[in-house]
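A.B. asks: Here you go, my_file-v3.cif (mmCIF, C-alpha atoms and all ligand atoms):
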```cif
data_data
#
loop_
_atom_site.label_atom_id
_atom_site.label_comp_id
_atom_site.auth_asym_id
_atom_site.auth_seq_id
_atom_site.Cartn_x
_atom_site.Cartn_y
_atom_site.Cartn_z
CA MET A 1 15.56 -26.92 3.68
CA VAL A 2 15.35 -23.61 1.83
CA GLY A 3 15.40 -23.99 -1.92
CA SER A 4 17.68 -22.21 -4.36
CA PHE A 5 16.51 -19.18 -6.32
CA ALA A 6 15.84 -21.30 -9.42
CA GLU A 7 13.89 -23.94 -7.51
CA ARG A 8 11.73 -21.40 -5.78
CA LEU A 9 11.06 -19.53 -9.02
CA VAL A 10 10.03 -22.73 -10.80
CA SER A 11 7.68 -23.69 -8.01
CA ALA A 12 6.20 -20.18 -7.69
CA VAL A 13 5.43 -19.99 -11.39
CA ALA A 14 3.81 -23.41 -11.38
CA GLY A 15 1.05 -22.33 -9.01
CA THR A 16 -0.80 -19.21 -7.96
CA HIS A 17 1.58 -16.25 -7.93
CA ALA A 18 1.71 -12.46 -8.23
CA VAL A 19 3.99 -10.81 -10.76
CA ILE A 20 5.28 -7.44 -9.59
CA ASN A 21 6.55 -5.16 -12.33
CA LEU A 22 9.23 -3.13 -10.57
CA ASP A 23 9.94 -1.07 -13.69
CA ALA A 24 6.33 0.12 -13.71
CA TYR A 25 6.60 0.92 -10.02
CA ALA A 26 9.89 2.82 -10.48
CA SER A 27 8.39 4.74 -13.38
CA ASN A 28 5.32 5.66 -11.30
CA VAL A 29 7.58 6.93 -8.52
CA GLN A 30 9.45 9.11 -11.03
CA VAL A 31 6.27 10.36 -12.71
CA MET A 32 4.76 11.32 -9.36
CA ARG A 33 7.92 12.98 -8.18
CA ASN A 34 8.18 15.05 -11.36
CA ARG A 35 4.55 16.13 -11.06
CA LEU A 36 5.11 17.28 -7.48
CA ARG A 37 8.33 19.17 -8.12
CA LYS A 38 6.76 22.53 -8.76
CA ARG A 39 9.33 24.45 -6.77
CA GLY A 40 12.11 21.95 -7.17
CA ASP A 41 12.89 20.97 -3.60
CA GLU A 42 9.72 19.16 -2.56
CA LEU A 43 10.27 15.74 -1.04
CA MET A 44 8.27 12.60 -1.62
CA MET A 45 7.59 9.72 0.73
CA ALA A 46 6.64 6.42 -0.92
CA VAL A 47 4.08 4.76 1.35
CA VAL A 48 4.80 1.03 1.51
CA LYS A 49 2.67 0.02 4.51
CA ALA A 50 0.77 -3.28 4.58
CA ASN A 51 3.40 -5.08 2.50
CA ALA A 52 3.34 -2.25 -0.05
CA TYR A 53 -0.42 -2.60 -0.49
CA GLY A 54 0.18 -6.29 -1.13
CA HIS A 55 2.96 -5.73 -3.68
CA GLY A 56 5.91 -6.74 -1.46
CA ALA A 57 7.34 -4.17 0.96
CA VAL A 58 11.08 -4.82 0.74
CA MET A 59 11.42 -4.86 -3.04
CA CYS A 60 9.02 -1.94 -3.50
CA ALA A 61 10.77 0.11 -0.82
CA ARG A 62 14.17 -0.48 -2.40
CA THR A 63 12.83 0.33 -5.86
CA ALA A 64 11.13 3.51 -4.63
CA ILE A 65 14.34 4.83 -3.08
CA ASP A 66 16.37 3.96 -6.18
CA ALA A 67 13.77 5.77 -8.29
CA GLY A 68 14.05 8.97 -6.27
CA ALA A 69 11.69 8.72 -3.32
CA ASP A 70 13.17 10.49 -0.29
CA TRP A 71 11.33 8.75 2.52
CA LEU A 72 9.41 5.53 3.12
CA GLY A 73 6.14 5.41 5.02
CA VAL A 74 4.86 2.42 6.97
CA ALA A 75 2.13 1.93 9.55
CA ARG A 76 3.97 -0.03 12.27
CA ILE A 77 7.44 -0.16 13.79
CA GLU A 78 7.48 -3.87 12.90
CA GLU A 79 7.17 -2.98 9.22
CA ALA A 80 10.00 -0.48 9.49
CA LEU A 81 12.20 -3.10 11.18
CA GLN A 82 11.53 -5.53 8.32
CA LEU A 83 12.88 -2.92 5.88
CA ARG A 84 15.93 -2.22 8.08
CA ASN A 85 16.58 -5.98 8.39
CA HIS A 86 16.83 -6.07 4.61
CA GLY A 87 19.45 -3.36 4.55
CA ILE A 88 17.25 -0.40 3.64
CA THR A 89 18.84 2.70 5.17
CA ALA A 90 16.54 5.46 3.84
CA PRO A 91 14.51 7.54 6.30
CA ILE A 92 11.38 5.67 7.42
CA LEU A 93 8.35 7.18 9.15
CA VAL A 94 5.86 5.09 11.11
CA LEU A 95 2.65 6.92 10.21
CA GLY A 96 0.26 5.31 12.66
CA PRO A 97 -0.01 4.37 16.32
CA PHE A 98 2.96 2.23 17.32
CA ASN A 99 3.65 -0.53 19.77
CA PRO A 100 5.41 1.24 22.69
CA THR A 101 7.44 -1.83 23.61
CA LEU A 102 9.35 -1.39 20.34
CA ILE A 103 10.30 2.23 20.88
CA ARG A 104 13.92 1.54 21.79
CA LYS A 105 14.30 -0.58 18.71
CA ALA A 106 12.91 2.29 16.67
CA ALA A 107 15.58 4.58 18.13
CA GLU A 108 18.36 2.03 17.59
CA HIS A 109 17.37 1.55 13.95
CA ASP A 110 16.82 5.22 13.19
CA ILE A 111 13.10 4.78 12.61
CA THR A 112 11.02 7.93 12.95
CA VAL A 113 7.75 7.56 14.86
CA THR A 114 4.63 9.68 15.00
CA ILE A 115 3.19 11.22 18.12
CA GLY A 116 -0.52 11.37 17.44
CA ALA A 117 -2.08 11.66 20.89
CA PRO A 118 -1.33 13.98 23.84
CA ASP A 119 -0.50 11.07 26.16
CA ALA A 120 1.55 9.07 23.64
CA LEU A 121 4.77 10.60 24.89
CA ASP A 122 4.08 9.66 28.53
CA ARG A 123 3.80 6.03 27.55
CA ILE A 124 7.30 5.92 26.06
CA LEU A 125 9.16 8.27 28.42
CA PRO A 126 10.39 5.50 30.80
CA ALA A 127 11.90 3.62 27.86
CA LEU A 128 13.62 6.77 26.62
CA GLU A 129 15.24 7.75 29.90
CA ASP A 130 18.74 6.38 29.37
CA LEU A 131 18.86 6.90 25.63
CA PRO A 132 21.40 9.39 24.27
CA ASP A 133 20.18 12.87 23.32
CA ASN A 134 18.35 13.20 19.99
CA SER A 135 18.29 9.44 19.44
CA LEU A 136 14.59 9.08 18.68
CA ASN A 137 13.26 10.96 15.67
CA VAL A 138 9.65 12.07 16.09
CA HIS A 139 7.09 13.72 13.85
CA LEU A 140 3.97 15.34 15.26
CA LYS A 141 0.64 14.55 13.65
CA ILE A 142 -2.10 17.18 13.74
CA ASP A 143 -5.73 16.08 13.47
CA THR A 144 -7.22 18.73 11.19
CA GLY A 145 -10.48 16.89 10.65
CA MET A 146 -9.89 13.22 9.81
CA ARG A 147 -10.69 12.47 13.48
CA ARG A 148 -8.68 9.27 13.63
CA PHE A 149 -5.14 9.87 14.83
CA GLY A 150 -3.41 13.10 15.69
CA VAL A 151 -3.17 15.87 18.22
CA MET A 152 -5.92 18.50 18.01
CA PRO A 153 -4.79 21.96 16.85
CA ASP A 154 -5.38 23.46 20.30
CA GLU A 155 -3.24 20.76 21.94
CA ALA A 156 -0.41 21.02 19.43
CA ALA A 157 1.69 23.70 21.13
CA GLU A 158 1.78 21.86 24.45
CA VAL A 159 2.69 18.50 22.91
CA ALA A 160 5.28 20.11 20.63
CA ARG A 161 6.85 21.83 23.64
CA GLU A 162 7.06 18.51 25.51
CA LEU A 163 8.77 16.98 22.50
CA THR A 164 11.38 19.72 22.35
CA GLU A 165 11.95 19.38 26.11
CA THR A 166 12.61 15.64 26.00
CA PRO A 167 16.37 15.20 25.49
CA ALA A 168 16.17 11.77 23.85
CA ILE A 169 13.77 13.10 21.21
CA ARG A 170 14.59 14.96 18.05
CA TYR A 171 11.37 16.63 16.96
CA SER A 172 11.88 16.85 13.21
CA GLY A 173 8.58 16.96 11.32
CA ILE A 174 4.93 17.95 11.51
CA PHE A 175 2.08 16.65 9.38
CA THR A 176 -1.59 16.06 8.81
CA HIS A 177 -3.77 13.70 6.78
CA PHE A 178 -6.80 14.49 4.63
CA ALA A 179 -10.15 12.74 4.98
CA THR A 180 -11.76 13.64 1.64
CA ALA A 181 -8.94 14.23 -0.84
CA ASP A 182 -10.46 11.67 -3.22
CA ALA A 183 -13.94 13.25 -3.26
CA GLY A 184 -15.37 15.40 -6.04
CA ASP A 185 -16.14 18.18 -3.57
CA GLU A 186 -12.89 19.89 -2.52
CA SER A 187 -14.34 22.02 0.26
CA PHE A 188 -13.31 19.90 3.25
CA LEU A 189 -9.85 19.33 1.78
CA VAL A 190 -9.44 23.09 1.56
CA GLU A 191 -10.75 23.44 5.13
CA GLN A 192 -8.22 20.90 6.45
CA GLN A 193 -5.39 22.67 4.65
CA LYS A 194 -6.52 25.92 6.21
CA ARG A 195 -6.58 24.42 9.71
CA PHE A 196 -3.13 22.90 9.17
CA VAL A 197 -1.64 26.19 8.02
CA GLU A 198 -3.28 28.03 10.93
CA THR A 199 -1.89 25.52 13.43
CA ILE A 200 1.59 25.88 11.99
CA TYR A 201 1.40 29.64 12.13
CA GLU A 202 0.36 29.48 15.77
CA LEU A 203 3.41 27.33 16.55
CA ILE A 204 5.95 29.41 14.61
CA PRO A 205 6.40 32.22 17.18
CA GLU A 206 7.35 29.65 19.83
CA GLY A 207 9.82 28.00 17.49
CA LEU A 208 7.79 24.79 17.52
CA VAL A 209 7.66 24.07 13.79
CA PRO A 210 10.38 21.82 12.40
CA GLN A 211 11.62 22.40 8.88
CA LEU A 212 9.84 19.34 7.44
CA VAL A 213 6.11 19.72 6.88
CA HIS A 214 4.01 17.07 5.14
CA PHE A 215 0.51 16.10 4.01
CA SER A 216 -1.14 14.79 0.83
CA ASN A 217 -1.94 11.16 0.10
CA SER A 218 -2.19 10.06 -3.55
CA ALA A 219 -5.43 11.87 -4.25
CA ALA A 220 -4.20 15.18 -2.85
CA SER A 221 -0.81 14.66 -4.54
CA LEU A 222 -2.51 14.12 -7.90
CA ARG A 223 -4.53 17.27 -7.32
CA GLY A 224 -1.22 18.98 -6.61
CA THR A 225 -2.26 21.16 -3.74
CA LEU A 226 0.42 23.15 -1.95
CA PRO A 227 -0.83 25.98 0.24
CA ALA A 228 1.22 29.09 -0.58
CA GLU A 229 1.76 29.76 3.13
CA LEU A 230 3.98 26.67 3.43
CA GLN A 231 6.43 27.77 0.73
CA HIS A 232 9.31 28.42 3.11
CA PHE A 233 9.20 24.97 4.67
CA THR A 234 10.55 21.75 3.25
CA VAL A 235 7.34 20.24 1.97
CA MET A 236 6.83 16.52 1.53
CA TYR A 237 4.03 14.55 -0.16
CA ARG A 238 3.03 11.04 0.87
CA PRO A 239 1.51 9.05 -2.02
CA GLY A 240 0.92 5.33 -1.70
CA LEU A 241 -1.84 3.94 -3.89
CA ALA A 242 -1.03 5.92 -7.05
CA LEU A 243 2.51 4.54 -7.09
CA TYR A 244 0.99 1.09 -7.63
CA GLY A 245 -0.90 2.49 -10.63
CA MET A 246 -4.30 2.44 -8.96
CA SER A 247 -6.94 5.19 -8.97
CA PRO A 248 -7.79 6.92 -5.69
CA SER A 249 -11.43 7.15 -6.79
CA GLY A 250 -13.74 7.79 -9.73
CA ASP A 251 -13.41 11.51 -9.02
CA VAL A 252 -9.62 11.35 -8.91
CA PRO A 253 -8.66 8.78 -11.55
CA ILE A 254 -5.08 7.77 -12.05
CA PRO A 255 -3.52 9.65 -15.00
CA LYS A 256 -2.44 7.68 -18.05
CA GLU A 257 1.30 8.00 -17.37
CA PHE A 258 0.96 5.66 -14.39
CA HIS A 259 1.09 1.90 -14.92
CA ARG A 260 -0.23 -1.02 -12.96
CA VAL A 261 2.32 -2.98 -11.01
CA ILE A 262 0.64 -6.24 -9.99
CA THR A 263 -0.77 -9.17 -11.95
CA VAL A 264 -2.08 -12.20 -10.08
CA LYS A 265 -1.92 -15.44 -11.99
CA THR A 266 -2.83 -19.03 -11.36
CA ARG A 267 -2.91 -22.30 -13.27
CA LEU A 268 -5.74 -24.48 -14.39
CA GLY A 269 -5.96 -27.66 -12.35
CA ARG A 270 -8.75 -30.17 -12.88
CA VAL A 271 -10.67 -29.70 -16.15
CA PHE A 272 -14.13 -31.22 -16.10
CA LYS A 273 -17.65 -31.00 -17.46
CA LEU A 274 -20.54 -29.92 -15.27
CA GLN A 275 -23.75 -31.52 -16.47
CA ARG A 276 -26.98 -29.64 -16.88
CA ASP A 277 -28.71 -29.13 -13.49
CA GLU A 278 -25.56 -30.01 -11.54
CA GLY A 279 -24.42 -27.62 -8.84
CA VAL A 280 -20.82 -26.71 -8.07
CA SER A 281 -18.75 -25.97 -4.94
CA TYR A 282 -19.97 -25.50 -1.34
CA GLY A 283 -23.72 -25.03 -1.15
CA LEU A 284 -24.05 -25.82 -4.86
CA SER A 285 -24.85 -22.12 -5.25
CA HIS A 286 -24.35 -22.22 -9.01
CA VAL A 287 -26.35 -24.75 -11.02
CA ALA A 288 -25.45 -25.31 -14.68
CA SER A 289 -28.27 -24.48 -17.08
CA ALA A 290 -26.43 -26.38 -19.82
CA PRO A 291 -23.41 -28.70 -19.88
CA THR A 292 -20.42 -26.48 -18.99
CA MET A 293 -16.67 -27.02 -19.17
CA CYS A 294 -15.14 -25.99 -15.85
CA GLY A 295 -11.70 -25.52 -14.40
CA THR A 296 -10.64 -25.81 -10.77
CA LEU A 297 -7.95 -23.37 -9.68
CA PRO A 298 -5.57 -23.48 -6.70
CA ILE A 299 -6.64 -20.11 -5.32
CA GLY A 300 -9.20 -19.12 -2.71
CA TYR A 301 -9.88 -16.73 0.13
CA GLY A 302 -6.90 -18.28 1.93
CA ASP A 303 -4.83 -16.52 -0.73
CA GLY A 304 -6.81 -13.30 -0.52
CA LEU A 305 -9.40 -13.90 -3.24
CA ASN A 306 -12.47 -12.43 -1.56
CA ARG A 307 -15.27 -14.92 -1.02
CA LEU A 308 -17.83 -12.29 -1.99
CA LEU A 309 -16.54 -12.74 -5.55
CA SER A 310 -18.37 -16.10 -5.58
CA ASN A 311 -20.65 -16.11 -8.65
CA ARG A 312 -19.69 -12.46 -9.30
CA GLY A 313 -16.04 -12.14 -10.22
CA TRP A 314 -14.25 -13.47 -13.24
CA MET A 315 -10.81 -14.48 -14.44
CA SER A 316 -9.19 -14.28 -17.85
CA MET A 317 -7.90 -17.15 -19.96
CA GLN A 318 -6.77 -16.88 -23.57
CA GLY A 319 -8.00 -13.29 -23.39
CA ARG A 320 -11.53 -14.44 -22.61
CA ARG A 321 -13.63 -13.73 -19.58
CA CYS A 322 -14.24 -16.84 -17.46
CA PRO A 323 -16.82 -16.29 -14.70
CA ILE A 324 -16.22 -17.59 -11.19
CA ILE A 325 -18.99 -20.13 -10.64
CA GLY A 326 -20.07 -21.32 -7.22
CA ARG A 327 -18.44 -20.29 -3.98
CA VAL A 328 -14.83 -19.27 -3.67
CA CYS A 329 -13.42 -21.77 -1.14
CA MET A 330 -10.43 -21.30 1.16
CA ASP A 331 -7.99 -22.85 -1.28
CA GLN A 332 -9.86 -23.55 -4.51
CA THR A 333 -12.18 -21.82 -6.94
CA VAL A 334 -14.02 -23.04 -10.04
CA ILE A 335 -14.39 -21.01 -13.25
CA ASP A 336 -16.50 -21.53 -16.34
CA ILE A 337 -14.14 -22.24 -19.25
CA ASN A 338 -16.78 -23.11 -21.81
CA THR A 339 -15.43 -20.57 -24.30
CA ILE A 340 -11.82 -21.77 -24.00
CA SER A 341 -10.40 -23.87 -26.79
CA ASN A 342 -8.61 -27.03 -25.73
CA PRO A 343 -8.09 -26.15 -22.05
CA GLN A 344 -5.28 -28.08 -20.41
CA SER A 345 -4.31 -28.53 -16.81
CA GLY A 346 -1.38 -26.15 -16.21
CA ASP A 347 -2.66 -23.39 -18.54
CA GLU A 348 -2.26 -19.85 -17.27
CA VAL A 349 -5.25 -17.99 -15.82
CA ILE A 350 -5.16 -14.29 -14.90
CA VAL A 351 -6.93 -13.58 -11.63
CA LEU A 352 -6.23 -9.86 -11.38
CA GLY A 353 -4.81 -7.71 -14.14
CA ASP A 354 -4.77 -4.32 -15.82
CA GLY A 355 -8.11 -4.71 -17.59
CA ARG A 356 -6.64 -5.69 -20.93
CA ALA A 357 -7.48 -9.12 -22.32
CA ASN A 358 -10.68 -9.15 -20.28
CA THR A 359 -8.82 -9.29 -16.99
CA MET A 360 -10.54 -8.19 -13.79
CA THR A 361 -8.84 -5.13 -12.29
CA PRO A 362 -8.69 -4.36 -8.56
CA GLU A 363 -11.29 -1.65 -9.28
CA ASP A 364 -13.56 -4.19 -11.03
CA ALA A 365 -13.28 -6.57 -8.09
CA ALA A 366 -13.83 -3.75 -5.59
CA ALA A 367 -16.99 -2.63 -7.39
CA LYS A 368 -18.38 -6.16 -7.31
CA ILE A 369 -17.91 -6.55 -3.58
CA ASP A 370 -18.53 -3.00 -2.39
CA THR A 371 -15.03 -2.12 -1.27
CA ILE A 372 -12.03 -0.17 -2.60
CA ASN A 373 -9.08 -1.21 -4.76
CA TYR A 374 -6.77 -0.71 -1.76
CA GLU A 375 -8.36 -3.66 0.00
CA VAL A 376 -8.26 -5.93 -3.04
CA THR A 377 -4.47 -5.89 -3.43
CA THR A 378 -3.67 -5.54 0.27
CA ALA A 379 -5.66 -8.73 0.86
CA ILE A 380 -3.27 -10.86 -1.20
CA LEU A 381 -1.74 -13.05 1.46
CA PRO A 382 1.86 -14.23 1.98
CA ARG A 383 0.92 -17.70 0.70
CA VAL A 384 0.91 -16.20 -2.81
CA PRO A 385 4.55 -16.01 -3.92
CA ARG A 386 5.58 -12.66 -5.38
CA ILE A 387 7.79 -12.72 -8.45
CA PHE A 388 9.61 -9.43 -8.98
CA MET A 389 10.47 -8.49 -12.54
CA SER A 390 12.81 -5.83 -13.85
CA TYR A 391 13.93 -5.45 -17.46
CA GLU A 392 12.00 -8.61 -18.26
CA GLU A 393 14.02 -10.68 -15.88
CA VAL A 394 13.02 -12.12 -12.55
CA VAL A 395 15.14 -10.32 -9.95
CA ALA A 396 13.61 -11.78 -6.77
CA VAL A 397 11.06 -14.23 -5.45
CA GLU A 398 9.25 -13.87 -2.14
CA ASP A 399 7.36 -16.88 -0.79
CA LEU A 400 6.69 -18.46 2.59
CA GLU A 401 10.41 -19.24 2.87
CA GLY A 402 11.18 -15.51 2.64
CA LEU A 403 12.71 -13.20 0.07
CA ILE A 404 15.40 -14.52 -2.25
CA GLU A 405 17.16 -12.40 -4.82
CA ARG A 406 18.81 -13.59 -7.98
CA GLY A 407 22.45 -14.26 -7.12
C1 LIG B 1 -1.84 5.41 3.87
C2 LIG B 1 -1.43 6.80 4.11
C3 LIG B 1 -0.96 7.60 3.06
C4 LIG B 1 -1.01 7.15 1.61
O1 LIG B 1 -2.35 7.17 1.15
P1 LIG B 1 -2.73 6.78 -0.35
O2 LIG B 1 -4.17 7.10 -0.45
O3 LIG B 1 -2.46 5.33 -0.51
O4 LIG B 1 -1.88 7.59 -1.24
C5 LIG B 1 -0.48 8.86 3.38
N1 LIG B 1 -0.47 9.31 4.67
C6 LIG B 1 -0.93 8.57 5.70
C7 LIG B 1 -0.92 9.11 7.07
C8 LIG B 1 -1.44 7.29 5.45
O5 LIG B 1 -1.89 6.56 6.48
#
```
Would you write the structure of this file as structure tokens?
Ligand SMILES: *Cc1c(COP(=O)(O)O)cnc(C)c1O
C.D. replies:
Amino acid sequence: MVGSFAERLVSAVAGTHAVINLDAYASNVQVMRNRLRKRGDELMMAVVKANAYGHGAVMCARTAIDAGADWLGVARIEEALQLRNHGITAPILVLGPFNPTLIRKAAEHDITVTIGAPDALDRILPALEDLPDNSLNVHLKIDTGMRRFGVMPDEAAEVARELTETPAIRYSGIFTHFATADAGDESFLVEQQKRFVETIYELIPEGLVPQLVHFSNSAASLRGTLPAELQHFTVMYRPGLALYGMSPSGDVPIPKEFHRVITVKTRLGRVFKLQRDEGVSYGLSHVASAPTMCGTLPIGYGDGLNRLLSNRGWMSMQGRRCPIIGRVCMDQTVIDINTISNPQSGDEVIVLGDGRANTMTPEDAAAKIDTINYEVTTAILPRVPRIFMSYEEVVAVEDLEGLIERG
């Protein structure tokens, strides 16, 4: 029995949940788009892969398009189908390797896929045979140095020719991806741009370059690099991370006009006192050196709170920093609430925030566990309901029962 909007909102708010500020996201999309519009006709793809970096793919995708993004980027055909199933009609590109059994579905739902290996086309040709002409949109990815996915520059002409010779395919874009756009040293970024431009110029005489040319993740978009040689193409940028208000790196910090989108909250459960010399949680890895007030929270690595934050991370309550003590469990975690006045079961605790009020940011968490902010938010699992806010009202809730919008 699927609950009503109000029931699901009440139950989401009562436990661990993530609040997604769609106004902040829309504003970030607009800010980025305005920064990139140097010539006026540049396009922008909002990358919403991996459930919009944990922020909720459908609502973020819809918001991005309403805020002026031209395209949506995902990693898998399955992700694109999820967006189409929710009525999103904007152009969608599958950036990564795709599941070939879904290729007909991609064509039927007007989902553009990427050819990123010389033999990728052979694998889908049988499925394309009886499709109408131009029914599958394809972009060609050039590997200019990332060495992950893409056709090498010296293979590009042959693959591009095969694409143009396949009736079912409409070859409509060409792109590359940068390996070091977030690094202090720009030299390899410049080298990749050079290789990309050279490849394009080799393809031009054969008529193998489509009008749409794209590159630039968040870091490169923030650096605002557009090789002059590409001026007469329709150029598109592909930011993801920055649109969620997160910094690509210490060398490429997010500018102040961008705002964070996600806040993860939970509620205090059991409130108890740990006696001196008592250990807490699995392995008793934290032992109290003095009597300590503690709170047990309904969040753990089964929600995406990394277990390496055991005895390292913190949460915020009443604006105060409350260290995680003992091991993060699958479903529960204990924090030290000694500095909290009159803690009550049900009180709000901020797990991940924007850094104000002593909250731990995704960057703080990443630094503690030797990873990147991308992984911290992407790890937030579907068990954590997302509450989508716009103009200070809840406009949708997404939980294990699915997405429900306010009627
Ligand atoms: C993920 C991805 C992006 C977006 O990268 P961010 O660093 O999040 O801006 C752009 N292009 C491709 C091919 C990607 O895989």
A.B. asks: In Å, how far is it from atom CA of Ile124 of chain A to atom CA of Phe175 of chain A?
C.D. replies: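 Pair atom CA of Ile124 of chain A / atom CA of Phe175 of chain A returns 20.5 Å.
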A.B. asks: Taking all atoms listed in the file and a cut-off of 9 Å, can you tell me which residues surround ligand LIG 1 (chain B), written as a PyMOL selection string?
C.D. replies: chain A and resi 45-49+53+73-75+94-96+141+149+175-178+181-182+214-221+237-244+248+374
A.B. asks: Any idea what's packed within 12 Å of Tyr201 of chain A, counting all atoms listed in the file, ignoring anything in its chain fewer than 3 positions away? Could you give it as number ranges by chain?
C.D. replies: A: 153, 156-157, 194-198, 204-210, 229-230, 233
A.B. asks: Quote the spacing between atom CA of Ser4 of chain A and atom CA of Glu398 of chain A in Å to one decimal place.
C.D. replies: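 So the answer is 12.1 Å.
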A.B. asks: Can you work out the spacing between atom CA of Ala117 of chain A and atom CA of Val151 of chain A in Å, to one decimal?
C.D. replies: 5.1 Å
A.B. asks: Within 12 Å of segment 324-332 of chain A, counting only C-alpha atoms, which residues qualify if same-chain residues fewer than 2 places away don't, as a VMD selection string?
C.D. replies: chain A and resid 15 to 16 266 to 270 274 278 to 288 292 to 316 321 to 322 334 to 338 349 351 360 365 381 383 to 384
A.B. asks: Using all atoms listed in the file, what residues lie at most 7 Å away from (11.5, -13.7, -6.5) (file coordinates), given as a list in words?
C.D. replies: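 Looking at atoms near the point gives Leu9, Arg386, Ile387, Phe388, Val394, Val395, Ala396, Val397, Glu398, Leu403, Ile404 and Glu405 of chain A.
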A.B. asks: Of the candidates A:Ala14, A:Met317, A:Leu131, A:Leu212, which one gets nearest to Asn358 of chain A if we count all atoms listed in the file?
C.D. replies: A:Met317
A.B. asks: So, with all atoms listed in the file as the atoms that count, which of A:Leu189, A:Ala12, A:Ala50, A:Ile115 lies closest to Met146 of chain A?
C.D. replies: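 Closest to Met146 of chain A, using all atoms listed in the file: A:Leu189.
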A.B. asks: Name the residues in contact with Asp133 of chain A at a cut-off of 8 Å, using all atoms listed in the file, excluding same-chain residues fewer than 5 positions from it; report them as a list of chain:residue names.
C.D. replies: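 Once the nearby chain positions are removed, what remains is A:Pro167, A:Ala168, A:Ile169, A:Arg170.
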